[in-house]
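Heads up, the thing below is written out as structure tokens.
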Amino acid sequence: MKKHLTIVIKLGTSSIVDEKDHKPLLSTIATIVETAVKLREDGHNVVICSSGAIGIALRQMNLKRRPKHLPQIQALAAIGQSKLMALWEEYFKHMRQPIAQILLTRNDIADRTQYLNAQNTFAELLNMGVIPIVNENDTLSVQEIKFGDNDTLSAITAGMVQADYLFLMTDVDCLYDKNPRTSPDAKAIEVVEDIAELAADVSSAGSNLGTGGMGTKIVAARLATAAGVTTVITRSSKPGNIAAIVRYAEGQKAAASSMENSLDSLPPPPAQPSASKGEVPLRVQMASVTINSGGEPKLAEPELPPLHTRFLPSTHPIRDRYFWLLHGLAPHGKIYVDGGAYTALSNKAGLLPVGVVDVEGSFNQHECVRLFALPSRNAPLTDCEEVGRALVNYSSIEIKRIRGVRSSQVAGIIGYADSEYVALRENVALFDRILSRPVTPMGEKRASMIRAISHNEP
Ligand SMILES: N[C@@H](CCC(=O)OP(=O)(O)O)C(=O)O
């Protein structure tokens, strides 16, 4: 196994406290601690993204359910966060494993320098052998600066620390192609190669305590895999599975690359009518490879891993500044660009006013804006797809006035010209072309291909 993997483990509220009486789930927490320490001993970096502050405070304050009123939620987060950390500290201290608390809001990473500071702090903690425990700084975060749920926060954290794995621990083993309770032929989805094809049925999502559910997990998986992070959904009550899944997945990677190398050195196989390289059946990809005495590679029966769904990382990961532009910043309005501008952006040019077709919403200079591309010259704006994000040099009011004109005309129209570009090339990031669809809020669900099964489901 590759040394020094970085593994982010995300635990939702329902993994930290009991849904009904809000008592801490000590055995789960203890097993996570043992697992994290074992991973550290094996030379890996571990980051834990832990929800539960509000859940723990509910018990402390004798409240039956999570309030709806924001100041109350924020007060509960302030009460519960120190208790949550005390709980982690209590267990980790028996293992002599140092931990650190990192509380984030979107505002903390909206400025590039602050984002880099946060990244450096993570790197330093991991260098020191510390396990950072991350949560959203709920006490300070209002709607506009919220990550929204800890699944998203964990995916952004995984991107920030350039993790190898993100484990989204939940109350189900994995995703299924149908509801196994009503469809006995439902099959577990072991590997998701192209997450752009997935859309979650959110009706099964979420516990009574947390904000996330299966929908936010798929959004998070999309975000993390785009950043090159293998993302795993598995059951939180069996944290011991994490190490086994990592071992298995690393074994699969090694087998796949050894098979590729071996096949490269073999004469080409006879043509097969239906299987091209990209269409290798799933099971074949998952099998491990052995070399027999004749020196030829052959497939061996794979050792079965614990049940889980593994989302494979993008082969063109979006990292560093582009990752920050796409996922660190909260976007404001929308800019619609024509086909020519989109092609130019794809070739890493900046966005000129002449390529802007329309502007929606209100934003200021230097804010992050969603970019939409027109599929054809006269296509309605409603047909446009979000293609990326940009930090803009002009406000929405100004861009409305200079859209479609040459850069040389800008000063004449708005009285000044800070830049010939609406957005500089280094301030434009496009979503992975392979996963061309952006991370969409799960409210806007498309065809429901995957039904996630939750214990909360009737
Ligand atoms: N930050 C909040 C948790 C946010 C939340 O509900 O997350 P999750 O339980 O993962 O859906 C807390 O610590 O209570």
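Chain identifiers are assigned as A, B, and so on, following the order in which chains appear in the structure tokens; residues are numbered from 1 within each chain, and ligands are numbered from 1 in order of appearance.
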task = Give me the residues within 12 Å of Ser408 (chain A) as a count of residues only, counting only C-alpha atoms and dropping any in the same chain fewer than 2 places off.
result = 19
Rows by chain and residue number, chain A within 6 Å of ligand 1, shortest pair, only C-alpha atoms and all ligand atoms, as a Markdown table:
```
| residue | atom | partner | partner_atom_place_in_ligand_line | distance |
| --- | --- | --- | --- | --- |
| A:Gly12 | CA | ligand 1 | 10 (O) | 3.4 |
| A:Thr13 | CA | ligand 1 | 9 (O) | 3.6 |
| A:Ser51 | CA | ligand 1 | 13 (O) | 3.6 |
| A:Gly52 | CA | ligand 1 | 13 (O) | 4.0 |
| A:Ala53 | CA | ligand 1 | 13 (O) | 3.7 |
| A:Ile54 | CA | ligand 1 | 14 (O) | 3.7 |
| A:Gly55 | CA | ligand 1 | 14 (O) | 5.6 |
| A:Asn135 | CA | ligand 1 | 1 (N) | 5.6 |
| A:Glu136 | CA | ligand 1 | 1 (N) | 4.9 |
| A:Asp138 | CA | ligand 1 | 1 (N) | 5.8 |
| A:Asp149 | CA | ligand 1 | 7 (O) | 4.9 |
| A:Asn150 | CA | ligand 1 | 10 (O) | 4.5 |
| A:Asp151 | CA | ligand 1 | 10 (O) | 5.9 |
| A:Gly210 | CA | ligand 1 | 6 (O) | 3.2 |
| A:Thr211 | CA | ligand 1 | 11 (O) | 3.7 |
| A:Gly212 | CA | ligand 1 | 11 (O) | 3.4 |
```
task = Please return as a PyMOL selection string: the residues of region 17-258 of chain A that backbone DSSP assigns to strand (DSSP E or B).
result = chain A and resi 17+24+45-50+99-104+131-136+165-170+175-176+188-189+191-192+200+230-235
query = Pick from A:Thr231, A:Asn427, A:Asn378, A:Ser258: nearest to Tyr165 (chain A), with only C-alpha atoms counted?
reply =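 Selected residue with least distance to Tyr165 (chain A): A:Thr231.
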task = Fewer than 3 positions away in the same chain doesn't count, so skip those; otherwise give me all residues within 12 Å of Leu166 (chain A), counting only C-alpha atoms, as JSON, numbers by chain.
result = {"A": [5, 6, 7, 8, 9, 10, 11, 45, 46, 47, 48, 49, 151, 152, 153, 154, 155, 156, 157, 158, 159, 160, 161, 162, 163, 169, 217, 220, 221, 222, 223, 224, 225, 227, 228, 229, 230, 231, 232, 233, 234, 242, 245, 246, 309, 310, 311, 312, 313]}
request  = Do a neighbour search on Thr139 (chain A) at 10 Å with only C-alpha atoms, toss out local chain neighbours closer than 4 positions, and write the hits as a PyMOL selection string.
outcome  = chain A and resi 70-79+81+103+105
key: Shell around region 389-391 of chain A at 12 Å using only C-alpha atoms, local window under 5 positions removed, as a ChimeraX atom specification   = /A:110-112,321-337,342,345,350-351,363-373,396,421-432,438-439
task = Step one, run DSSP on the backbone; step two, keep only residues of region 33-177 of chain A assigned to helix (DSSP H, G or I); then write them as a PyMOL selection string.
result = chain A and resi 33-41+53-60+70-94+106-110+112-127+143-145+150-160
ask   = Contacts of region 15-19 of chain A at 8 Å or less, counting only C-alpha atoms, minus same-chain residues fewer than 4 places along, as an MDAnalysis selection string?
value = chainID A and resid 11 23:26 28:29 51:52 55:56 169:171 207:209 236:237
message = Set the distance at 8 Å and use only C-alpha atoms: which residues neighbour Val37 (chain A) once local chain neighbours fewer than 4 positions away are removed? I'd like the list as a list in words.
response =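 So the residues in contact are Val33, Glu41, Met95 and Gln97 of chain A.
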